[in-house]
Structure formats: C-alpha cells, structure tokens
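*Asks:* Got a structure for you, questions after.
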Amino acid sequence: MDSPKDHQNVVTINVRAAKDLLNSSGYRYLDVRSVEEFNKSHVENAHNVPYVFITEAGRVKNPDFVDQVAAICKTEDHLIVACNSGGRSLRASVDLLDSGFKNIVNMGGGYSAWVDAGFAGNKPGEDLKTSCKFRPNIAKPTAQP
C-alpha cells in the first residue's frame with residue numbers, strides 16, 4: 001500500500017497554468033470552497049464539493065468529502081483543485097491523493113488569484129472574492145494620479 005501523502009507531494013500550479021490546462025488538456029476544476037462562496041462566483045463548469053463546512057463551532061472538515069468527489073469524478077480524472085486562497089485545496093489535494101486519485105494539481109492562490117488575474121469576467125473583484133485569513137481585506141482599488 002502507498003504511504004500517506006503530505007503537502008509536499010502535491011503539485012501546485014499558478015492560475016495561468018490552470019487556465020491553460022482547463023482550456024486544452026481535459027482537466028476539470030474542483031472547487032472545494034463552501035456552497036456560499038461557490039454561489040457568489042466560480043469558474044465556469046466547476047464542480048463544487050466543500051472540503052469544510054462553516055458551523056457555529058467554526059470550520060469542520062466534510063467527513064464525506066472524498067466519497068462526494070468519487071461520486072462525480074473517477075480516480076483517473078485530471079483535476080485542478082482550488083479554494084479561495086489555496087489552503088483548503090492543498091489539504092483536499094492531499095486527501096484525494098491518499099484516496100487513490102492520481103492526477104491532482106492544486107491551484108495556488110485559489111479563486112482570489114483567478115479573479116486578480118482577470119479571468120472571472122468584468123465584474124469588480126470585491127463582488128467576486130471572499131475574505132479569509134490570508135486575504136482579510138478586499139478593498140476597492142484606489143485611483144492612481
């Protein structure tokens with residue numbers, strides 16, 4: 001049996017590489033943000049399986065995460081795993097690799113980086129992104145003189 005993986009076993013790519021893979025290589029986008037975050041805005045054709053649930057007690061790992069992904073994806077599928085900023089998706093990628101998924105890449109910077117790169121259309125970024133501890137302030141850009 002394979003030994004358990006850790007974050008060092010996960011390939012992380014930037015948003016530009018992720019966009020290229022989605023457009024040309026048969027990769028699918030797995031969004032592991034909460035349903036609320038996903039419903040606010042997401043990558044076109046993305047699949048949403050939350051890695052954690054936000055409860056009154058705080059964030060709780062989805063105990064059925066791998067089973068829910070396995071219900072919509074095969075272990076041989078090529079998946080780009082992403083969240084808001086890259087933390088949850090990295091942990092989700094480790095769990096998927098440990099469960100036998102073979103072609104997993106983590107999108108560094110998450111959906112916030114996707115928006116920052118201009119890939120989410122022409123809506124203002126603050127309308128699309130969600131604050132988190134890694135990106136606590138989503139402020140409107142100030143005009144440059």
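Order determines the names: the first chain of the structure tokens is A, the second B, and so forth; residues in each chain are numbered 1 upward, and ligands are numbered 1 upward as they are shown.
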Tell me, as a ChimeraX atom specification, which residues lie within 9 Å of segment 12-21 of chain A, counting only C-alpha atoms; anything in the same chain fewer than 6 positions away does not count.
*Replies:* /A:27-29,80,90,105-111,113-114,117,119
*Asks:* As an MDAnalysis selection string, list the residues of segment 7-144 of chain A assigned to strand (DSSP E or B) by DSSP on the backbone atoms of this structure.
*Replies:* chainID A and resid 11:13 28:31 47:48 52:55 58:61 78:82 103:107 132 135
*Asks:* Calculated over only C-alpha atoms, which of the candidates A:Pro63, A:Gly100, A:Gly87, A:Gly26 has the smallest distance to Thr75 of chain A?
*Replies:*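 Going through A:Pro63, A:Gly100, A:Gly87, A:Gly26 one by one, the smallest distance to Thr75 of chain A is for A:Gly100.
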*Asks:* Can you tell me, as a PyMOL selection string, what residues are no more than 6 Å from Val52 of chain A when counting only C-alpha atoms, ignoring any on the same chain fewer than 6 positions away?
*Replies:* chain A and resi 60-62
*Asks:* Write the selection just made, keeping N, CA, C and O atoms, as a tab-separated table (two decimals), in the first residue's frame?
*Replies:*
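Below is the file part.tsv, written as the result:
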```tsv
chain	number	residue	atom	x	y	z
A	60	VAL	N	-15.49	22.86	10.10
A	60	VAL	CA	-15.47	21.42	10.36
A	60	VAL	C	-15.24	20.72	9.02
A	60	VAL	O	-15.93	21.00	8.03
A	61	LYS	N	-14.27	19.82	8.99
A	61	LYS	CA	-13.96	19.09	7.76
A	61	LYS	C	-15.17	18.26	7.33
A	61	LYS	O	-15.82	17.62	8.15
A	62	ASN	N	-15.45	18.28	6.05
A	62	ASN	CA	-16.52	17.48	5.47
A	62	ASN	C	-16.12	16.01	5.55
A	62	ASN	O	-15.21	15.58	4.85
```
*Asks:* Report the distance between atom CA of Tyr51 of chain A and atom CA of Ala70 of chain A in Å, rounded to one decimal place.
*Replies:*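 Taking atom CA of Tyr51 of chain A and atom CA of Ala70 of chain A, their separation equals 13.3 Å.
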*Asks:* For Val81 of chain A, which residue out of A:Glu44, A:Asp95, A:Asp67, A:Asp31 is the nearest one, using only C-alpha atoms?
*Replies:*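 The shortest atom-to-atom distance to Val81 of chain A comes from A:Asp31.
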*Asks:* Would you mind telling me which residue in A:Leu97, A:Ala120, A:Val115, A:Leu79 lies nearest to Ser25 of chain A when using only C-alpha atoms?
*Replies:*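 Of A:Leu97, A:Ala120, A:Val115, A:Leu79, the one nearest Ser25 of chain A is A:Leu79, counting only C-alpha atoms.
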*Asks:* If DSSP is run on the backbone, what residues of segment 16-129 of chain A are alpha helix (DSSP H)? A reply as a compact mmCIF listing (two decimals) with all heavy atoms, in the first residue's frame would be ideal.
*Replies:*
```
# COMPACT_ATOMS: atom_id res chain seq x y z
N ARG A 16 -2.56 30.95 -14.23
CA ARG A 16 -2.40 30.96 -15.69
C ARG A 16 -2.21 29.54 -16.22
O ARG A 16 -2.80 29.17 -17.25
CB ARG A 16 -1.23 31.85 -16.09
CG ARG A 16 -1.51 33.31 -15.80
CD ARG A 16 -0.51 34.26 -16.43
NE ARG A 16 -0.55 35.63 -15.99
CZ ARG A 16 -1.61 36.40 -15.85
NH1 ARG A 16 -2.78 35.95 -16.06
NH2 ARG A 16 -1.50 37.67 -15.47
N ALA A 17 -1.40 28.74 -15.52
CA ALA A 17 -1.22 27.34 -15.91
C ALA A 17 -2.53 26.57 -15.76
O ALA A 17 -2.87 25.73 -16.61
CB ALA A 17 -0.13 26.69 -15.07
N ALA A 18 -3.29 26.87 -14.71
CA ALA A 18 -4.59 26.22 -14.51
C ALA A 18 -5.54 26.54 -15.65
O ALA A 18 -6.22 25.65 -16.19
CB ALA A 18 -5.20 26.63 -13.17
N LYS A 19 -5.59 27.80 -16.04
CA LYS A 19 -6.47 28.21 -17.14
C LYS A 19 -6.07 27.49 -18.43
O LYS A 19 -6.93 27.00 -19.17
CB LYS A 19 -6.41 29.72 -17.33
CG LYS A 19 -7.42 30.26 -18.33
CD LYS A 19 -7.42 31.77 -18.30
CE LYS A 19 -8.41 32.47 -19.15
NZ LYS A 19 -9.34 31.82 -19.95
N ASP A 20 -4.77 27.39 -18.69
CA ASP A 20 -4.29 26.69 -19.88
C ASP A 20 -4.71 25.22 -19.86
O ASP A 20 -5.14 24.67 -20.87
CB ASP A 20 -2.77 26.80 -20.01
CG ASP A 20 -2.30 28.20 -20.39
OD1 ASP A 20 -3.14 29.03 -20.83
OD2 ASP A 20 -1.10 28.47 -20.22
N LEU A 21 -4.57 24.57 -18.69
CA LEU A 21 -4.96 23.16 -18.58
C LEU A 21 -6.46 22.99 -18.80
O LEU A 21 -6.90 22.04 -19.45
CB LEU A 21 -4.55 22.60 -17.22
CG LEU A 21 -3.07 22.38 -16.99
CD1 LEU A 21 -2.80 21.96 -15.55
CD2 LEU A 21 -2.51 21.35 -17.97
N LEU A 22 -7.25 23.89 -18.25
CA LEU A 22 -8.70 23.80 -18.42
C LEU A 22 -9.10 23.98 -19.88
O LEU A 22 -10.05 23.36 -20.35
CB LEU A 22 -9.41 24.85 -17.55
CG LEU A 22 -9.40 24.58 -16.06
CD1 LEU A 22 -9.89 25.80 -15.30
CD2 LEU A 22 -10.24 23.36 -15.71
N ASN A 23 -8.37 24.82 -20.59
CA ASN A 23 -8.71 25.11 -21.98
C ASN A 23 -8.19 24.09 -22.97
O ASN A 23 -8.70 24.01 -24.09
CB ASN A 23 -8.18 26.50 -22.37
CG ASN A 23 -8.96 27.61 -21.72
OD1 ASN A 23 -10.12 27.44 -21.35
ND2 ASN A 23 -8.32 28.76 -21.55
N SER A 24 -7.19 23.29 -22.57
CA SER A 24 -6.56 22.45 -23.60
C SER A 24 -6.27 21.01 -23.21
O SER A 24 -5.97 20.22 -24.09
CB SER A 24 -5.24 23.11 -24.03
OG SER A 24 -4.34 23.14 -22.94
N VAL A 35 -20.47 26.16 -0.21
CA VAL A 35 -21.53 26.40 -1.19
C VAL A 35 -21.79 27.90 -1.32
O VAL A 35 -21.99 28.41 -2.43
CB VAL A 35 -22.82 25.64 -0.78
CG1 VAL A 35 -23.99 26.03 -1.66
CG2 VAL A 35 -22.58 24.13 -0.82
N GLU A 36 -21.76 28.61 -0.20
CA GLU A 36 -22.00 30.06 -0.24
C GLU A 36 -20.93 30.78 -1.06
O GLU A 36 -21.25 31.67 -1.86
CB GLU A 36 -22.05 30.63 1.19
CG GLU A 36 -23.21 30.13 2.03
CD GLU A 36 -22.98 28.74 2.64
OE1 GLU A 36 -21.84 28.25 2.63
OE2 GLU A 36 -23.97 28.15 3.10
N GLU A 37 -19.67 30.42 -0.85
CA GLU A 37 -18.59 31.02 -1.63
C GLU A 37 -18.75 30.69 -3.11
O GLU A 37 -18.60 31.55 -3.98
CB GLU A 37 -17.23 30.51 -1.15
CG GLU A 37 -16.82 31.01 0.21
CD GLU A 37 -15.57 30.29 0.69
OE1 GLU A 37 -15.59 29.06 0.87
OE2 GLU A 37 -14.56 30.99 0.90
N PHE A 38 -19.04 29.44 -3.39
CA PHE A 38 -19.20 28.97 -4.77
C PHE A 38 -20.34 29.71 -5.46
O PHE A 38 -20.21 30.15 -6.61
CB PHE A 38 -19.46 27.46 -4.77
CG PHE A 38 -19.58 26.86 -6.15
CD1 PHE A 38 -18.46 26.54 -6.88
CD2 PHE A 38 -20.83 26.60 -6.70
CE1 PHE A 38 -18.56 25.97 -8.16
CE2 PHE A 38 -20.95 26.03 -7.96
CZ PHE A 38 -19.81 25.72 -8.70
N ASN A 39 -21.47 29.86 -4.76
CA ASN A 39 -22.63 30.52 -5.35
C ASN A 39 -22.38 32.00 -5.63
O ASN A 39 -23.01 32.57 -6.52
CB ASN A 39 -23.86 30.35 -4.46
CG ASN A 39 -24.41 28.94 -4.52
OD1 ASN A 39 -24.12 28.17 -5.43
ND2 ASN A 39 -25.20 28.58 -3.52
N LYS A 40 -21.46 32.61 -4.90
CA LYS A 40 -21.13 34.01 -5.13
C LYS A 40 -20.50 34.20 -6.51
O LYS A 40 -20.82 35.13 -7.23
CB LYS A 40 -20.20 34.51 -4.02
CG LYS A 40 -19.93 35.99 -4.06
CD LYS A 40 -19.16 36.43 -2.83
CE LYS A 40 -19.02 37.92 -2.81
NZ LYS A 40 -18.30 38.38 -1.62
N PHE A 65 -16.13 14.14 2.14
CA PHE A 65 -15.51 14.84 1.02
C PHE A 65 -15.04 13.89 -0.07
O PHE A 65 -15.44 14.02 -1.24
CB PHE A 65 -14.35 15.71 1.51
CG PHE A 65 -13.56 16.32 0.39
CD1 PHE A 65 -14.08 17.38 -0.35
CD2 PHE A 65 -12.31 15.83 0.05
CE1 PHE A 65 -13.37 17.92 -1.41
CE2 PHE A 65 -11.59 16.37 -1.01
CZ PHE A 65 -12.12 17.42 -1.74
N VAL A 66 -14.21 12.93 0.26
CA VAL A 66 -13.64 12.03 -0.77
C VAL A 66 -14.75 11.23 -1.45
O VAL A 66 -14.75 11.09 -2.68
CB VAL A 66 -12.56 11.12 -0.17
CG1 VAL A 66 -12.12 10.06 -1.17
CG2 VAL A 66 -11.35 11.94 0.27
N ASP A 67 -15.71 10.74 -0.68
CA ASP A 67 -16.82 9.99 -1.28
C ASP A 67 -17.64 10.86 -2.23
O ASP A 67 -18.07 10.39 -3.29
CB ASP A 67 -17.73 9.42 -0.19
CG ASP A 67 -17.08 8.30 0.60
OD1 ASP A 67 -16.12 7.68 0.10
OD2 ASP A 67 -17.52 8.07 1.74
N GLN A 68 -17.84 12.12 -1.86
CA GLN A 68 -18.61 13.03 -2.73
C GLN A 68 -17.85 13.33 -4.01
O GLN A 68 -18.45 13.41 -5.09
CB GLN A 68 -18.95 14.31 -1.97
CG GLN A 68 -19.97 14.08 -0.87
CD GLN A 68 -20.17 15.28 0.03
OE1 GLN A 68 -19.41 16.24 0.01
NE2 GLN A 68 -21.20 15.21 0.86
N VAL A 69 -16.53 13.47 -3.92
CA VAL A 69 -15.73 13.69 -5.13
C VAL A 69 -15.77 12.42 -5.99
O VAL A 69 -15.96 12.49 -7.21
CB VAL A 69 -14.28 14.09 -4.79
CG1 VAL A 69 -13.43 14.14 -6.06
CG2 VAL A 69 -14.25 15.43 -4.07
N ALA A 70 -15.64 11.26 -5.34
CA ALA A 70 -15.65 9.99 -6.08
C ALA A 70 -16.98 9.74 -6.78
O ALA A 70 -17.03 9.02 -7.78
CB ALA A 70 -15.33 8.83 -5.14
N ALA A 71 -18.04 10.36 -6.30
CA ALA A 71 -19.36 10.20 -6.93
C ALA A 71 -19.45 10.96 -8.26
O ALA A 71 -20.28 10.62 -9.11
CB ALA A 71 -20.45 10.66 -5.98
N ILE A 72 -18.60 11.98 -8.44
CA ILE A 72 -18.67 12.78 -9.67
C ILE A 72 -17.39 12.71 -10.52
O ILE A 72 -17.40 13.16 -11.66
CB ILE A 72 -19.01 14.25 -9.37
CG1 ILE A 72 -17.97 14.89 -8.45
CG2 ILE A 72 -20.41 14.37 -8.79
CD1 ILE A 72 -18.13 16.39 -8.26
N GLY A 87 -5.27 27.20 0.74
CA GLY A 87 -5.07 26.37 1.92
C GLY A 87 -5.94 25.12 1.96
O GLY A 87 -5.45 24.00 2.11
N ARG A 88 -7.24 25.31 1.82
CA ARG A 88 -8.15 24.16 1.83
C ARG A 88 -7.88 23.24 0.66
O ARG A 88 -7.93 22.01 0.79
CB ARG A 88 -9.61 24.63 1.77
CG ARG A 88 -10.14 25.18 3.06
CD ARG A 88 -11.54 25.74 2.87
NE ARG A 88 -11.45 27.05 2.23
CZ ARG A 88 -12.48 27.80 1.87
NH1 ARG A 88 -13.72 27.37 2.07
NH2 ARG A 88 -12.31 28.98 1.33
N SER A 89 -7.61 23.82 -0.49
CA SER A 89 -7.39 22.98 -1.67
C SER A 89 -6.12 22.15 -1.53
O SER A 89 -6.07 21.01 -2.01
CB SER A 89 -7.35 23.82 -2.94
OG SER A 89 -6.32 24.78 -2.90
N LEU A 90 -5.11 22.67 -0.86
CA LEU A 90 -3.90 21.89 -0.63
C LEU A 90 -4.21 20.68 0.25
O LEU A 90 -3.82 19.55 -0.06
CB LEU A 90 -2.82 22.76 0.01
CG LEU A 90 -1.46 22.10 0.25
CD1 LEU A 90 -0.87 21.59 -1.06
CD2 LEU A 90 -0.52 23.07 0.92
N ARG A 91 -4.96 20.89 1.34
CA ARG A 91 -5.34 19.78 2.22
C ARG A 91 -6.27 18.81 1.49
O ARG A 91 -6.14 17.58 1.63
CB ARG A 91 -5.98 20.31 3.50
CG ARG A 91 -4.98 21.08 4.37
CD ARG A 91 -5.53 21.46 5.73
NE ARG A 91 -6.77 22.22 5.69
CZ ARG A 91 -6.86 23.55 5.54
NH1 ARG A 91 -5.76 24.27 5.41
NH2 ARG A 91 -8.03 24.15 5.54
N ALA A 92 -7.18 19.33 0.70
CA ALA A 92 -8.08 18.47 -0.07
C ALA A 92 -7.30 17.64 -1.08
O ALA A 92 -7.59 16.44 -1.28
CB ALA A 92 -9.13 19.32 -0.79
N SER A 93 -6.30 18.24 -1.71
CA SER A 93 -5.47 17.51 -2.68
C SER A 93 -4.74 16.35 -2.02
O SER A 93 -4.66 15.25 -2.58
CB SER A 93 -4.45 18.47 -3.32
OG SER A 93 -5.10 19.45 -4.09
N VAL A 94 -4.22 16.58 -0.82
CA VAL A 94 -3.55 15.51 -0.07
C VAL A 94 -4.54 14.36 0.18
O VAL A 94 -4.22 13.18 -0.06
CB VAL A 94 -2.97 16.03 1.26
CG1 VAL A 94 -2.50 14.88 2.15
CG2 VAL A 94 -1.80 16.99 0.99
N ASP A 95 -5.74 14.70 0.64
CA ASP A 95 -6.74 13.66 0.91
C ASP A 95 -7.10 12.89 -0.35
O ASP A 95 -7.26 11.66 -0.31
CB ASP A 95 -8.00 14.27 1.53
CG ASP A 95 -7.82 14.67 2.98
OD1 ASP A 95 -6.72 14.48 3.55
OD2 ASP A 95 -8.79 15.21 3.56
N LEU A 96 -7.24 13.59 -1.47
CA LEU A 96 -7.57 12.91 -2.72
C LEU A 96 -6.45 11.99 -3.18
O LEU A 96 -6.70 10.86 -3.60
CB LEU A 96 -7.92 13.93 -3.80
CG LEU A 96 -9.23 14.69 -3.56
CD1 LEU A 96 -9.35 15.86 -4.53
CD2 LEU A 96 -10.43 13.77 -3.66
N LEU A 97 -5.21 12.45 -3.09
CA LEU A 97 -4.07 11.61 -3.45
C LEU A 97 -4.00 10.38 -2.54
O LEU A 97 -3.76 9.26 -3.01
CB LEU A 97 -2.77 12.40 -3.37
CG LEU A 97 -2.56 13.44 -4.47
CD1 LEU A 97 -1.40 14.36 -4.13
CD2 LEU A 97 -2.35 12.77 -5.83
N ASP A 98 -4.23 10.57 -1.25
CA ASP A 98 -4.22 9.46 -0.30
C ASP A 98 -5.33 8.45 -0.60
O ASP A 98 -5.21 7.27 -0.24
CB ASP A 98 -4.38 9.96 1.14
CG ASP A 98 -3.08 10.50 1.72
OD1 ASP A 98 -2.00 10.25 1.14
OD2 ASP A 98 -3.16 11.18 2.76
N GLY A 110 -5.71 30.20 -5.27
CA GLY A 110 -7.14 29.95 -5.28
C GLY A 110 -7.94 30.87 -6.19
O GLY A 110 -7.41 31.54 -7.08
N TYR A 111 -9.24 30.89 -5.94
CA TYR A 111 -10.15 31.67 -6.77
C TYR A 111 -9.84 33.17 -6.68
O TYR A 111 -10.03 33.90 -7.66
CB TYR A 111 -11.61 31.39 -6.39
CG TYR A 111 -12.58 32.03 -7.35
CD1 TYR A 111 -12.70 31.57 -8.66
CD2 TYR A 111 -13.35 33.11 -6.96
CE1 TYR A 111 -13.57 32.17 -9.55
CE2 TYR A 111 -14.23 33.72 -7.85
CZ TYR A 111 -14.33 33.25 -9.14
OH TYR A 111 -15.18 33.85 -10.03
N SER A 112 -9.34 33.61 -5.55
CA SER A 112 -8.98 35.02 -5.43
C SER A 112 -7.90 35.39 -6.45
O SER A 112 -7.96 36.45 -7.07
CB SER A 112 -8.50 35.34 -4.01
OG SER A 112 -9.59 35.32 -3.13
N ALA A 113 -6.92 34.52 -6.63
CA ALA A 113 -5.87 34.78 -7.63
C ALA A 113 -6.45 34.71 -9.04
O ALA A 113 -6.03 35.46 -9.93
CB ALA A 113 -4.72 33.78 -7.46
N TRP A 114 -7.42 33.83 -9.24
CA TRP A 114 -8.10 33.72 -10.54
C TRP A 114 -8.77 35.06 -10.88
O TRP A 114 -8.64 35.58 -11.99
CB TRP A 114 -9.12 32.59 -10.46
CG TRP A 114 -9.86 32.26 -11.72
CD1 TRP A 114 -11.04 32.82 -12.14
CD2 TRP A 114 -9.52 31.29 -12.71
NE1 TRP A 114 -11.44 32.25 -13.32
CE2 TRP A 114 -10.53 31.32 -13.69
CE3 TRP A 114 -8.44 30.41 -12.86
CZ2 TRP A 114 -10.50 30.48 -14.81
CZ3 TRP A 114 -8.42 29.58 -13.97
CH2 TRP A 114 -9.43 29.62 -14.93
N VAL A 115 -9.47 35.61 -9.89
CA VAL A 115 -10.14 36.90 -10.07
C VAL A 115 -9.09 38.00 -10.31
O VAL A 115 -9.23 38.82 -11.22
CB VAL A 115 -11.03 37.23 -8.85
CG1 VAL A 115 -11.55 38.67 -8.92
CG2 VAL A 115 -12.18 36.25 -8.75
N ASP A 116 -8.03 38.01 -9.48
CA ASP A 116 -6.98 39.02 -9.63
C ASP A 116 -6.33 38.98 -11.00
O ASP A 116 -5.89 40.01 -11.52
CB ASP A 116 -5.90 38.83 -8.55
CG ASP A 116 -6.38 39.20 -7.16
OD1 ASP A 116 -7.44 39.86 -7.03
OD2 ASP A 116 -5.71 38.79 -6.19
N GLY A 125 -13.63 42.84 -8.62
CA GLY A 125 -13.12 41.75 -7.80
C GLY A 125 -13.77 41.65 -6.44
O GLY A 125 -14.03 40.56 -5.94
N GLU A 126 -14.09 42.80 -5.83
CA GLU A 126 -14.69 42.76 -4.49
C GLU A 126 -16.09 42.14 -4.53
O GLU A 126 -16.57 41.66 -3.52
CB GLU A 126 -14.72 44.15 -3.85
CG GLU A 126 -15.55 45.17 -4.58
CD GLU A 126 -14.81 45.93 -5.66
OE1 GLU A 126 -13.65 45.60 -5.97
OE2 GLU A 126 -15.39 46.87 -6.21
N ASP A 127 -16.72 42.11 -5.69
CA ASP A 127 -18.02 41.46 -5.82
C ASP A 127 -17.89 39.95 -5.96
O ASP A 127 -18.86 39.22 -5.80
CB ASP A 127 -18.77 41.99 -7.05
CG ASP A 127 -19.22 43.42 -6.89
OD1 ASP A 127 -19.16 43.96 -5.76
OD2 ASP A 127 -19.63 44.01 -7.91
N LEU A 128 -16.70 39.46 -6.27
CA LEU A 128 -16.50 38.05 -6.57
C LEU A 128 -15.74 37.30 -5.49
O LEU A 128 -15.93 36.10 -5.33
CB LEU A 128 -15.72 37.91 -7.89
CG LEU A 128 -16.35 38.60 -9.10
CD1 LEU A 128 -15.41 38.50 -10.29
CD2 LEU A 128 -17.70 38.01 -9.42
```
*Asks:* Could you work out how far atom CA of Phe53 of chain A lies from atom CA of His78 of chain A, giving the answer in Å with one decimal?
*Replies:*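 Answer for the atom CA of His78 of chain A to atom CA of Phe53 of chain A separation: 24.9 Å.
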*Asks:* May I ask for the distance between atom CA of Val43 of chain A and atom CA of Asn84 of chain A, given in Å to one decimal place?
*Replies:* 11.6 Å
*Asks:* Would you please work out which residue, of A:Lys102, A:Lys74, A:Arg33, A:His7, is nearest to Val49 of chain A when using only C-alpha atoms?
*Replies:* A:Arg33
*Asks:* So, with only C-alpha atoms as the atoms that count, which of A:Ala46, A:Ile104, A:Cys73, A:Ile54 lies closest to Val10 of chain A?
*Replies:* A:Ile104
*Asks:* Here is a test: counting only C-alpha atoms, which residue of A:Gly58, A:Asn45, A:Val11, A:Ala82 is nearest to Leu30 of chain A?
*Replies:*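 When distances to Leu30 of chain A are compared using only C-alpha atoms, the smallest one comes from A:Ala82.
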